[in-house]
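Structure file structure-v2.cif; described as mmCIF, C-alpha atoms and all ligand atoms.
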```
data_entry
#
loop_
_atom_site.label_atom_id
_atom_site.label_comp_id
_atom_site.auth_asym_id
_atom_site.auth_seq_id
_atom_site.Cartn_x
_atom_site.Cartn_y
_atom_site.Cartn_z
CA VAL A 1 1.24 9.80 -15.17
CA TYR A 2 0.38 13.31 -14.00
CA VAL A 3 3.89 14.72 -14.46
CA THR A 4 3.68 17.98 -16.39
CA GLY A 5 7.37 18.78 -16.66
CA LEU A 6 10.71 19.30 -14.95
CA THR A 7 11.97 22.60 -13.56
CA CYS A 8 15.64 23.37 -12.91
CA LEU A 9 16.08 24.39 -9.29
CA ARG A 10 19.15 26.43 -10.27
CA CYS A 11 18.11 28.47 -13.35
CA GLY A 12 14.33 27.99 -13.30
CA THR A 13 14.11 26.67 -16.88
CA ARG A 14 11.13 24.42 -17.41
CA TYR A 15 11.35 21.28 -19.55
CA ASP A 16 8.75 18.95 -20.95
CA TRP A 17 8.39 15.52 -19.44
CA LEU A 18 10.74 13.13 -21.23
CA GLY A 19 11.41 9.46 -20.70
CA GLU A 20 14.91 9.81 -19.33
CA ALA A 21 16.22 12.93 -17.65
CA TYR A 22 19.10 13.84 -15.40
CA LEU A 23 20.55 17.31 -14.81
CA CYS A 24 19.31 20.53 -16.45
CA PRO A 25 20.74 20.57 -20.00
CA SER A 26 21.57 24.26 -19.63
CA CYS A 27 23.27 24.21 -16.19
CA GLY A 28 24.71 20.67 -16.26
CA PRO A 29 26.88 19.71 -13.29
CA GLY A 30 28.18 23.31 -13.06
CA PRO A 31 31.50 24.42 -11.56
CA ASP A 32 30.42 23.68 -7.98
CA PRO A 33 29.30 20.11 -7.15
CA THR A 34 26.92 21.48 -4.50
CA ASP A 35 25.14 23.64 -7.07
CA ALA A 36 24.44 21.50 -10.12
CA GLY A 37 21.36 21.99 -12.31
CA VAL A 38 19.14 19.64 -10.30
CA LEU A 39 15.68 19.16 -11.80
CA ASP A 40 12.41 18.99 -9.88
CA VAL A 41 9.35 17.08 -11.07
CA ASP A 42 6.05 19.00 -11.44
CA TYR A 43 2.59 17.45 -11.51
CA ASP A 44 -0.93 18.38 -12.48
CA TYR A 45 -2.07 18.30 -8.86
CA ASP A 46 -5.75 18.84 -9.59
CA ALA A 47 -5.85 15.81 -11.86
CA ALA A 48 -3.66 13.75 -9.51
CA ARG A 49 -5.94 14.59 -6.61
CA GLY A 50 -8.92 13.14 -8.45
CA GLU A 51 -7.24 9.77 -8.79
CA LEU A 52 -5.53 9.81 -5.39
CA LEU A 53 -8.64 10.35 -3.29
CA GLY A 54 -11.60 8.04 -2.91
CA ALA A 55 -14.57 8.10 -0.60
CA GLY A 56 -13.27 8.95 2.87
CA GLY A 57 -9.54 8.66 2.20
CA LEU A 58 -7.02 7.47 -0.33
CA ALA A 59 -8.46 5.45 -3.20
CA SER A 60 -5.64 2.92 -3.48
CA ASP A 61 -5.66 -0.31 -1.53
CA ARG A 62 -1.94 -0.90 -2.12
CA ARG A 63 0.25 -1.25 0.92
CA ASP A 64 3.52 0.13 -0.42
CA LEU A 65 4.74 3.45 -1.79
CA PHE A 66 2.74 2.96 -4.99
CA ARG A 67 -0.27 3.79 -2.85
CA PHE A 68 0.65 7.32 -3.99
CA LEU A 69 1.02 6.41 -7.68
CA PRO A 70 -0.72 9.57 -9.00
CA LEU A 71 2.10 11.57 -7.35
CA LEU A 72 4.90 9.43 -8.77
CA PRO A 73 6.79 9.66 -12.09
CA VAL A 74 5.99 6.12 -13.24
CA GLU A 75 3.17 4.63 -15.31
CA GLN A 76 2.74 1.62 -13.08
CA PRO A 77 4.58 -0.19 -10.27
CA GLY A 78 7.62 -2.12 -11.46
CA PRO A 79 9.00 -5.49 -10.36
CA VAL A 80 10.15 -4.40 -6.89
CA PRO A 81 9.74 -5.72 -3.35
CA PRO A 82 7.28 -3.70 -1.25
CA ALA A 83 8.97 -0.46 -0.18
CA GLY A 84 7.35 2.08 2.11
CA ASN A 85 4.28 1.60 4.28
CA THR A 86 6.59 1.72 7.29
CA PRO A 87 5.05 2.18 10.72
CA LEU A 88 4.81 5.54 12.44
CA TYR A 89 4.46 4.94 16.14
CA GLU A 90 4.65 6.93 19.30
CA ALA A 91 7.58 6.35 21.66
CA SER A 92 5.81 7.63 24.75
CA ARG A 93 8.48 6.96 27.41
CA LEU A 94 11.14 8.75 25.39
CA GLY A 95 8.72 11.49 24.39
CA ARG A 96 7.73 12.19 28.00
CA ARG A 97 11.35 12.47 29.04
CA LEU A 98 11.98 15.00 26.26
CA GLY A 99 8.88 16.96 27.26
CA VAL A 100 7.27 16.89 23.82
CA SER A 101 3.55 16.25 23.40
CA ALA A 102 4.16 13.28 21.08
CA LEU A 103 7.33 11.69 19.75
CA HIS A 104 6.53 9.74 16.59
CA LEU A 105 9.14 7.44 15.11
CA LYS A 106 8.99 6.80 11.37
CA ASP A 107 10.79 3.47 11.30
CA GLU A 108 12.36 3.21 7.86
CA ALA A 109 14.36 0.18 8.97
CA ARG A 110 11.18 -1.79 8.11
CA ASN A 111 11.86 -1.39 4.39
CA PRO A 112 13.06 -4.43 2.38
CA THR A 113 16.79 -3.67 2.82
CA ARG A 114 16.23 -1.81 6.11
CA ALA A 115 16.57 1.78 4.93
CA LEU A 116 14.56 4.72 3.59
CA LYS A 117 16.76 4.52 0.47
CA ASP A 118 14.48 1.69 -0.70
CA ARG A 119 11.82 4.25 -1.57
CA ALA A 120 14.14 5.92 -4.09
CA THR A 121 15.38 2.57 -5.35
CA ALA A 122 11.81 1.39 -6.00
CA ILE A 123 11.36 4.32 -8.40
CA ALA A 124 14.80 3.89 -10.00
CA VAL A 125 14.31 0.17 -10.64
CA THR A 126 10.77 0.70 -11.92
CA ARG A 127 11.98 3.35 -14.37
CA ALA A 128 15.13 1.44 -15.39
CA LYS A 129 13.05 -1.65 -16.24
CA ALA A 130 10.42 0.40 -18.08
CA LEU A 131 13.16 2.07 -20.14
CA GLY A 132 14.75 -1.28 -20.99
CA HIS A 133 18.01 -0.87 -19.04
CA GLU A 134 19.93 -3.92 -17.85
CA ASP A 135 22.58 -2.11 -15.80
CA ILE A 136 22.01 0.31 -12.95
CA PHE A 137 24.53 2.03 -10.69
CA CYS A 138 24.95 4.31 -7.72
CA ALA A 139 27.60 5.82 -5.50
CA SER A 140 27.03 5.13 -1.85
CA ALA A 141 28.69 4.66 1.49
CA GLY A 142 26.45 1.68 2.02
CA ASN A 143 22.70 1.95 2.39
CA ALA A 144 21.82 3.21 -1.09
CA ALA A 145 24.12 0.66 -2.69
CA ILE A 146 22.76 -2.19 -0.56
CA SER A 147 19.25 -1.06 -1.42
CA LEU A 148 20.06 -0.97 -5.13
CA ALA A 149 21.77 -4.36 -4.96
CA GLY A 150 18.83 -5.98 -3.18
CA PHE A 151 16.19 -4.52 -5.48
CA SER A 152 18.29 -5.39 -8.55
CA ALA A 153 18.56 -8.98 -7.33
CA PHE A 154 14.77 -9.06 -7.08
CA ALA A 155 14.17 -7.45 -10.49
CA GLY A 156 16.98 -9.10 -12.44
CA LEU A 157 19.12 -6.01 -13.11
CA ARG A 158 22.93 -5.85 -12.91
CA ALA A 159 23.78 -3.50 -10.02
CA HIS A 160 27.08 -1.61 -9.93
CA ALA A 161 28.01 -0.04 -6.60
CA PHE A 162 30.67 2.68 -6.38
CA VAL A 163 31.75 2.76 -2.75
CA PRO A 164 34.22 4.97 -0.91
CA ARG A 165 37.56 3.59 0.26
CA ASP A 166 36.36 3.37 3.87
CA ALA A 167 33.11 1.41 3.24
CA SER A 168 32.61 -0.98 6.13
CA ALA A 169 33.23 -4.71 5.80
CA VAL A 170 29.68 -5.45 6.95
CA ARG A 171 28.21 -3.31 4.21
CA LEU A 172 30.53 -4.70 1.52
CA ASN A 173 29.44 -8.15 2.62
CA TRP A 174 25.79 -7.26 2.04
CA LEU A 175 26.62 -6.00 -1.46
CA GLN A 176 28.35 -9.28 -2.23
CA ARG A 177 25.45 -11.31 -0.87
CA PHE A 178 23.08 -9.48 -3.22
CA GLY A 179 25.45 -10.17 -6.13
CA ALA A 180 26.40 -6.56 -6.92
CA ASP A 181 29.47 -5.53 -8.89
CA VAL A 182 31.40 -3.56 -6.24
CA ARG A 183 33.79 -0.81 -7.40
CA ARG A 184 35.79 0.50 -4.51
CA SER A 185 37.14 4.03 -4.94
CA GLU A 186 40.61 5.04 -3.79
CA GLY A 187 38.91 8.15 -2.42
CA ASP A 188 35.97 9.28 -0.34
CA TYR A 189 32.25 9.33 -1.14
CA ASP A 190 32.57 12.45 -3.28
CA GLU A 191 35.22 10.78 -5.44
CA ALA A 192 33.16 7.60 -5.71
CA TYR A 193 30.28 9.78 -6.91
CA GLU A 194 32.39 11.30 -9.70
CA GLU A 195 33.61 7.86 -10.77
CA ALA A 196 30.07 6.53 -10.82
CA GLU A 197 28.58 9.36 -12.88
CA GLY A 198 31.24 8.67 -15.53
CA LYS A 199 29.44 5.40 -16.27
CA ARG A 200 26.24 7.03 -17.47
CA SER A 201 27.79 7.28 -20.95
CA ASP A 202 27.86 3.47 -21.03
CA GLY A 203 24.06 3.44 -21.03
CA TRP A 204 23.81 2.43 -17.39
CA TYR A 205 20.89 3.84 -15.44
CA SER A 206 21.89 6.17 -12.58
CA ARG A 207 20.26 5.77 -9.20
CA ASN A 208 22.20 8.73 -7.80
CA CYS A 209 19.78 11.09 -6.10
CA ALA A 210 20.15 14.72 -7.15
CA PHE A 211 21.42 13.83 -10.63
CA ASN A 212 18.42 11.55 -11.18
CA PRO A 213 15.44 13.84 -10.52
CA PHE A 214 13.00 10.98 -9.94
CA GLN A 215 14.65 9.62 -6.78
CA VAL A 216 13.34 12.40 -4.59
CA GLU A 217 9.82 11.45 -5.73
CA GLY A 218 10.18 8.04 -4.10
CA LYS A 219 11.62 9.47 -0.89
CA LYS A 220 8.84 12.05 -0.51
CA THR A 221 6.37 9.19 0.07
CA ALA A 222 7.72 8.99 3.64
CA ALA A 223 6.08 12.38 4.24
CA LEU A 224 2.88 11.43 2.40
CA GLU A 225 2.61 8.39 4.68
CA ILE A 226 3.23 10.44 7.82
CA GLY A 227 0.39 12.72 6.74
CA GLU A 228 -2.02 9.84 6.35
CA GLN A 229 -0.81 8.08 9.51
CA LEU A 230 -1.45 11.21 11.60
CA GLY A 231 -4.93 11.66 10.16
CA TRP A 232 -3.74 14.53 7.92
CA LYS A 233 -2.58 16.60 10.90
CA SER A 234 1.03 17.66 10.39
CA PRO A 235 3.50 17.29 13.26
CA ASP A 236 5.11 20.50 14.52
CA LEU A 237 8.63 19.27 13.77
CA VAL A 238 10.18 16.70 11.47
CA VAL A 239 13.78 15.85 12.38
CA CYS A 240 16.16 13.93 10.15
CA ALA A 241 19.90 13.37 9.58
CA VAL A 242 21.26 15.21 6.52
CA GLY A 243 24.06 14.08 4.18
CA ASP A 244 23.47 14.73 0.47
CA ALA A 245 20.34 16.63 1.60
CA CYS A 246 18.01 14.61 -0.66
CA THR A 247 15.99 12.85 2.01
CA LEU A 248 14.87 15.79 4.15
CA ALA A 249 14.33 17.90 1.02
CA ALA A 250 12.10 15.14 -0.33
CA ILE A 251 10.17 15.03 2.93
CA GLY A 252 9.68 18.78 2.66
CA LYS A 253 8.33 18.36 -0.87
CA GLY A 254 5.94 15.66 0.33
CA PHE A 255 4.45 17.91 2.98
CA ARG A 256 4.15 20.80 0.51
CA GLU A 257 2.25 18.50 -1.81
CA LEU A 258 -0.09 17.49 1.01
CA THR A 259 -0.92 21.12 1.73
CA ARG A 260 -1.37 21.81 -1.98
CA LEU A 261 -3.79 18.87 -2.23
CA GLY A 262 -5.66 20.18 0.81
CA LEU A 263 -4.66 17.10 2.81
CA ALA A 264 -2.44 18.82 5.38
CA ASP A 265 -3.30 21.83 7.46
CA ARG A 266 0.25 23.25 7.50
CA LEU A 267 3.92 22.52 6.89
CA PRO A 268 5.93 21.05 9.74
CA ARG A 269 9.23 22.79 10.53
CA LEU A 270 12.05 20.74 9.06
CA ILE A 271 15.05 20.25 11.33
CA GLY A 272 18.14 18.92 9.54
CA VAL A 273 20.95 17.37 11.57
CA GLN A 274 24.57 17.02 10.50
CA ALA A 275 27.70 15.76 12.20
CA ALA A 276 29.97 18.23 14.01
CA ALA A 277 32.89 16.98 11.89
CA VAL A 278 31.15 17.43 8.50
CA HIS A 279 28.34 19.98 8.23
CA PRO A 280 28.37 21.85 4.91
CA VAL A 281 24.59 22.25 4.73
CA ALA A 282 24.48 23.73 8.23
CA ASP A 283 27.18 26.18 7.11
CA MET A 284 25.20 27.15 4.02
CA PHE A 285 22.12 27.69 6.15
CA ASP A 286 24.07 29.79 8.68
CA SER A 287 25.66 31.84 5.93
CA ARG A 288 22.21 32.67 4.50
CA HIS A 289 21.28 33.94 7.94
CA GLY A 290 24.43 36.01 8.37
CA ARG A 291 26.10 33.69 10.86
CA GLU A 292 29.71 32.57 10.84
CA PRO A 293 30.34 28.91 9.99
CA LEU A 294 31.13 26.58 12.85
CA PRO A 295 34.51 24.85 12.97
CA VAL A 296 34.83 21.55 11.11
CA GLY A 297 37.35 18.77 11.16
CA GLY A 298 37.98 15.30 12.42
CA VAL A 299 35.98 12.31 11.38
CA THR A 300 32.46 11.14 12.07
CA LYS A 301 31.24 7.59 12.53
CA ALA A 302 27.94 8.68 10.99
CA VAL A 303 29.03 7.35 7.60
CA SER A 304 25.72 7.90 5.83
CA ILE A 305 25.95 11.66 6.38
CA ASN A 306 29.70 11.99 5.92
CA VAL A 307 29.22 14.04 2.76
CA GLY A 308 31.48 16.99 2.03
CA LYS A 309 29.68 18.03 -1.17
CA PRO A 310 25.92 17.85 -0.58
CA ARG A 311 24.43 17.66 -4.06
CA ASN A 312 20.88 18.56 -3.10
CA ALA A 313 21.77 21.42 -0.75
CA ARG A 314 19.90 24.05 -2.75
CA ARG A 315 16.74 21.96 -2.71
CA LEU A 316 16.91 21.47 1.05
CA LEU A 317 17.77 25.10 1.81
CA THR A 318 14.63 26.15 -0.07
CA GLU A 319 12.50 23.64 1.85
CA LEU A 320 13.99 24.86 5.15
CA GLU A 321 13.02 28.44 4.32
CA GLU A 322 9.51 27.39 3.25
CA SER A 323 8.95 25.49 6.48
CA GLY A 324 10.68 27.90 8.85
CA GLY A 325 13.12 25.13 9.69
CA LEU A 326 16.79 25.08 10.49
CA MET A 327 20.03 23.07 10.47
CA LEU A 328 21.95 21.82 13.50
CA SER A 329 25.09 19.81 14.01
CA VAL A 330 25.84 17.31 16.77
CA THR A 331 28.95 15.51 17.94
CA ASP A 332 29.53 11.79 17.60
CA ASP A 333 29.32 11.51 21.40
CA GLN A 334 25.83 13.04 21.27
CA ILE A 335 24.84 10.68 18.47
CA ALA A 336 26.16 7.67 20.40
CA ALA A 337 24.18 8.68 23.48
CA ALA A 338 21.06 9.16 21.36
CA GLN A 339 21.51 5.73 19.75
CA THR A 340 21.64 4.19 23.24
CA GLU A 341 18.54 6.13 24.33
CA LEU A 342 16.60 5.03 21.26
CA ALA A 343 17.40 1.44 22.19
CA ARG A 344 16.87 1.70 25.96
CA ASP A 345 13.86 3.98 26.05
CA ALA A 346 12.11 2.94 22.84
CA GLY A 347 13.44 -0.44 21.70
CA VAL A 348 14.51 0.94 18.33
CA VAL A 349 17.08 -0.65 16.01
CA ALA A 350 18.59 2.56 14.65
CA GLU A 351 21.90 2.79 12.87
CA PHE A 352 24.40 5.34 14.16
CA THR A 353 23.57 7.92 11.47
CA SER A 354 19.82 7.67 12.11
CA ALA A 355 20.33 8.39 15.79
CA ALA A 356 21.61 11.84 14.81
CA ALA A 357 17.94 12.82 14.48
CA LEU A 358 17.32 12.32 18.20
CA ALA A 359 20.59 14.04 19.07
CA GLY A 360 19.43 16.92 16.89
CA LEU A 361 16.09 17.16 18.67
CA GLN A 362 17.95 17.31 21.98
CA ALA A 363 20.26 20.03 20.60
CA LEU A 364 17.20 21.97 19.43
CA ALA A 365 15.69 21.70 22.92
CA GLU A 366 18.75 23.52 24.25
CA ARG A 367 18.15 26.42 21.84
CA GLU A 368 14.39 26.73 22.13
CA SER A 369 11.51 25.11 23.96
CA VAL A 370 10.12 21.95 22.41
CA ALA A 371 7.56 21.53 25.21
CA GLY A 372 4.15 20.55 23.91
CA LYS A 373 5.41 20.03 20.34
CA SER A 374 4.54 16.99 18.27
CA VAL A 375 7.62 15.56 16.60
CA ALA A 376 8.29 13.03 13.86
CA LEU A 377 11.80 11.57 14.02
CA ILE A 378 12.91 9.87 10.83
CA ILE A 379 14.78 6.66 11.66
CA THR A 380 16.38 6.42 8.23
CA GLY A 381 17.70 2.89 8.65
CA GLY A 382 19.05 0.14 10.83
CA ARG A 383 20.26 -3.37 10.03
CA PRO A 384 20.72 -5.34 13.23
CA ASP A 385 24.25 -6.44 12.27
CA ASP A 386 25.30 -3.00 11.07
CA ALA A 387 27.01 -0.16 12.92
ZN ZN B 1 19.29 25.02 -15.11
#
```
Turn this file's structure into structure tokens for me.
Ligand SMILES: [Zn+2]
Amino acid sequence: VYVTGLTCLRCGTRYDWLGEAYLCPSCGPGPDPTDAGVLDVDYDYDAARGELLGAGGLASDRRDLFRFLPLLPVEQPGPVPPAGNTPLYEASRLGRRLGVSALHLKDEARNPTRALKDRATAIAVTRAKALGHEDIFCASAGNAAISLAGFSAFAGLRAHAFVPRDASAVRLNWLQRFGADVRRSEGDYDEAYEEAEGKRSDGWYSRNCAFNPFQVEGKKTAALEIGEQLGWKSPDLVVCAVGDACTLAAIGKGFRELTRLGLADRLPRLIGVQAAAVHPVADMFDSRHGREPLPVGGVTKAVSINVGKPRNARRLLTELEESGGLMLSVTDDQIAAAQTELARDAGVVAEFTSAAALAGLQALAERESVAGKSVALIITGGRPDDA
């Protein structure tokens, strides 16, 4: 393990690498749920580089996210199904119509439970098993919980899923199929999150991103893979739907690591996309740039990004500044149209939330020219029988 320590993104305190870690002991959850003492994992990059690289490329012959083991906070791969190694492919018909030079789709629906969340779950389950836990939990509107339930079924852990009141029947059915203990909140996702975190005192392992600093490390492998798949030439733009803000922040960290290792020439601009009904991260971004917040209200069908209290907002806002990126919000009608276009013009099985990325790229094209840009769209998930 090349981890050298953990740094609090809120107060900057640095801690030694310990077996189990959650929030910064000094900051804790804090008074504002969107500004907890989230920790970030640091590595000895020079040493990691030596193990990561072989003659003419990466040294590992693994075909899952543990290909990047020297950049992960685990000793060795745990008992998990193969997460990561998802295809990045060019959707040339759709790309031509948008006028970009290349539209690359990172199809995270090819993961074991059909979502990018599996990358974080692979790390959580690996660590939970190594630490001797038998119970593991998360709060989720669906994909993270389904991912945890599936990986727990594989590894022989008891999975506890804290779901919001409005979790869909299809998603609850998946949780039951995987044998998870489902705890349905009377409230929304944010309330389910609070209820879930209360269980940490029972010795259960938390898979909640943000509070568990190691989850982002799994998710960042999506960026590491994009780097390798594009021959270490970064795309101009990376576009992704944003809820809790963990995923795009993790992708930003991955690209920063590639530049630090000398494997990427530059950082892509990160474009985060939220729903017009719920866009707290876009508001935070606008407020930093002296702009008034946009109106909010109503409901969004993009359940995976229907998050009122984004717990990794600070992390993402920093990555957006580093990359010269920005936040956008799009209506459900725009997302629905984008979902149809992804199917009709590119044959993609994308869930509604994932399609927000394409809607966001189209919204960006109305603000500034995207002509000649290379773009990576993150298709965060899609089960064929899901919404
Ligand atoms: Zn702190």
**Minimum-distance residue to Asn173 of chain A, chosen among A:Pro268, A:Pro29, A:Val125, A:Asp386 (using all atoms listed in the file)** = A:Asp386
**Request:** Would you list the residues that come within 10 Å of ligand ZN 1 (chain B)? Count all atoms listed in the file and give the answer as a PyMOL selection string.
**Result:** chain A and resi 7-15+23-30+36-39
Write out as a PDB file with C-alpha atoms, in the coordinates of the input each polymer residue whose atoms come within 8 Å of His133 of chain A, counting only C-alpha atoms; drop sequence neighbours fewer than 2 positions from it.
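Once everything was written out, this is selection.pdb:
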```pdb
ATOM      1  CA  ALA A 128      15.130   1.440 -15.390  1.00  0.00           C
ATOM      2  CA  LYS A 129      13.050  -1.650 -16.240  1.00  0.00           C
ATOM      3  CA  ALA A 130      10.420   0.400 -18.080  1.00  0.00           C
ATOM      4  CA  LEU A 131      13.160   2.070 -20.140  1.00  0.00           C
ATOM      5  CA  ASP A 135      22.580  -2.110 -15.800  1.00  0.00           C
ATOM      6  CA  ILE A 136      22.010   0.310 -12.950  1.00  0.00           C
ATOM      7  CA  LEU A 157      19.120  -6.010 -13.110  1.00  0.00           C
ATOM      8  CA  GLY A 203      24.060   3.440 -21.030  1.00  0.00           C
ATOM      9  CA  TRP A 204      23.810   2.430 -17.390  1.00  0.00           C
ATOM     10  CA  TYR A 205      20.890   3.840 -15.440  1.00  0.00           C
TER      11      TYR A 205
END
```
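Using only C-alpha atoms, the residues found no farther than 6 Å from segment 322-335 of chain A, other than those of its own chain fewer than 3 positions away, are Leu267, Arg269, Leu270, Ile271, Gly272, Val273, Gln274, Ala275, Ala276, Ala282, Glu319, Ala338, Ala355, Ala356 and Ala359 of chain A.
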May I have the residues at most 8 Å from (10.2, -5.3, -6.7) in the file's coordinates, counting all atoms listed in the file, as a short mmCIF file (atom, residue, chain, number, x, y, z; two decimals) with C-alpha atoms, keeping the file's coordinate frame?
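Written output follows (part_21.cif):
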```cif
data_model
loop_
_atom_site.label_atom_id
_atom_site.label_comp_id
_atom_site.auth_asym_id
_atom_site.auth_seq_id
_atom_site.Cartn_x
_atom_site.Cartn_y
_atom_site.Cartn_z
CA GLY A 78 7.62 -2.12 -11.46
CA PRO A 79 9.00 -5.49 -10.36
CA VAL A 80 10.15 -4.40 -6.89
CA PRO A 81 9.74 -5.72 -3.35
CA PRO A 82 7.28 -3.70 -1.25
CA ALA A 122 11.81 1.39 -6.00
CA VAL A 125 14.31 0.17 -10.64
CA THR A 126 10.77 0.70 -11.92
CA PHE A 151 16.19 -4.52 -5.48
CA PHE A 154 14.77 -9.06 -7.08
CA ALA A 155 14.17 -7.45 -10.49
#
```
**Item:** Non-local contacts of Asp64 of chain A (6 Å; only C-alpha atoms; under 6 positions in same chain excluded) as number ranges by chain
**Value:** A: 82-85
Tell me, counting all atoms listed in the file, for each residue of segment 145-181 of chain A within 10 Å of segment 294-316 of chain A, which pair of atoms is nearest and how far apart they are in Å to one decimal, in rows ordered by chain and increasing number, as JSON lines.
```
{"residue": "A:Asp166", "atom": "CA", "partner": "A:Val303", "partner_atom": "CA", "distance": 9.1}
{"residue": "A:Ala167", "atom": "CA", "partner": "A:Val303", "partner_atom": "CA", "distance": 8.4}
{"residue": "A:Ser168", "atom": "CA", "partner": "A:Val303", "partner_atom": "CA", "distance": 9.2}
```
**Message:** Let me make sure I understand: among A:Pro213, A:Gly347, A:Gly56, A:Gly227, which one has the smallest atom-to-atom distance to Ala264 of chain A if we use all atoms listed in the file?
**Reply:** A:Gly227
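Atom CA of Ala250 of chain A lies 5.2 Å from atom CA of Val216 of chain A.
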Pull the closest atom pair for each residue of segment 136-172 of chain A that gets at most 12 Å from segment 102-114 of chain A, along with the distance in Å to one decimal, counting all atoms listed in the file, ordering rows by chain and then ascending residue number, as a tab-separated table.
```
residue	atom	partner	partner_atom	distance
A:Gly142	CA	A:Thr113	CA	11.1
A:Asn143	CA	A:Thr113	CA	8.2
A:Ala144	CA	A:Thr113	CA	9.4
A:Ala145	CA	A:Thr113	CA	10.1
A:Ile146	CA	A:Thr113	CA	7.0
A:Ser147	CA	A:Thr113	CA	5.6
A:Leu148	CA	A:Thr113	CA	9.0
A:Ala149	CA	A:Thr113	CA	9.3
A:Gly150	CA	A:Thr113	CA	6.7
A:Phe151	CA	A:Thr113	CA	8.4
A:Ser152	CA	A:Thr113	CA	11.6
A:Ala153	CA	A:Thr113	CA	11.6
A:Phe154	CA	A:Pro112	CA	10.7
A:Arg171	CA	A:Thr113	CA	11.5
```
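Of the listed residues A:Val74, A:Leu263, A:Pro31, A:Gly252, the one whose atoms come nearest to Leu18 of chain A is A:Val74, with distances taken using all atoms listed in the file.
With all atoms listed in the file taken into account, the protein and nucleic acid residues at most 6 Å from segment 187-192 of chain A (excluding it and anything under 4 positions from it in its own chain) are A:Ala139, A:Phe162, A:Val163, A:Pro164, A:Arg165.
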**Asked** Out of A:Ser201, A:Ser354, A:Asn208, A:Thr259, which residue has the shortest atom-to-atom distance to Thr380 of chain A when counting only C-alpha atoms?
**Response** A:Ser354
**Message:** So, with all atoms listed in the file as the atoms that count, which of A:Gly262, A:Gly99, A:Pro87, A:Pro33 lies closest to Tyr45 of chain A?
**Reply:** A:Gly262
**Prompt:** Which residue, A:Leu358, A:Ala180, A:Ala115, A:Gly50, has the smallest gap to Pro384 of chain A when you use only C-alpha atoms?
**Reply:** A:Ala115
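Pairwise distance (atom CA of Arg127 of chain A, atom CA of Cys240 of chain A) equals 27.0 Å.
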**Radius query 8 Å about (4.6, 14.4, 1.2), atoms used: all atoms listed in the file, as JSON, numbers by chain** = {"A": [220, 221, 222, 223, 224, 225, 226, 227, 250, 251, 252, 253, 254, 255, 256, 257, 258]}
Generate the output file for the selected residues, C-alpha atoms, as a compact mmCIF listing (two decimals), keeping the file's coordinate frame.
```txt
# COMPACT_ATOMS: atom_id res chain seq x y z
CA LYS A 220 8.84 12.05 -0.51
CA THR A 221 6.37 9.19 0.07
CA ALA A 222 7.72 8.99 3.64
CA ALA A 223 6.08 12.38 4.24
CA LEU A 224 2.88 11.43 2.40
CA GLU A 225 2.61 8.39 4.68
CA ILE A 226 3.23 10.44 7.82
CA GLY A 227 0.39 12.72 6.74
CA ALA A 250 12.10 15.14 -0.33
CA ILE A 251 10.17 15.03 2.93
CA GLY A 252 9.68 18.78 2.66
CA LYS A 253 8.33 18.36 -0.87
CA GLY A 254 5.94 15.66 0.33
CA PHE A 255 4.45 17.91 2.98
CA ARG A 256 4.15 20.80 0.51
CA GLU A 257 2.25 18.50 -1.81
CA LEU A 258 -0.09 17.49 1.01
```
**Request:** Identify, on the basis of all atoms listed in the file, every residue whose closest approach to Pro293 of chain A does not exceed 9 Å; exclude the query and any residue fewer than 3 positions from it along the same chain; express the result as a PyMOL selection string.
**Result:** chain A and resi 280+282-284+286-287+296
Selection export as an mmCIF file, in the coordinates of the input, atoms kept: C-alpha atoms:
```cif
data_model
loop_
_atom_site.group_PDB
_atom_site.id
_atom_site.type_symbol
_atom_site.label_atom_id
_atom_site.label_comp_id
_atom_site.auth_asym_id
_atom_site.auth_seq_id
_atom_site.Cartn_x
_atom_site.Cartn_y
_atom_site.Cartn_z
ATOM 1 C CA PRO A 280 28.370 21.850 4.910
ATOM 2 C CA ALA A 282 24.480 23.730 8.230
ATOM 3 C CA ASP A 283 27.180 26.180 7.110
ATOM 4 C CA MET A 284 25.200 27.150 4.020
ATOM 5 C CA ASP A 286 24.070 29.790 8.680
ATOM 6 C CA SER A 287 25.660 31.840 5.930
ATOM 7 C CA VAL A 296 34.830 21.550 11.110
#
```
**Separation of atom CA of Glu90 of chain A from atom CA of Leu361 of chain A in Å** = 15.4 Å
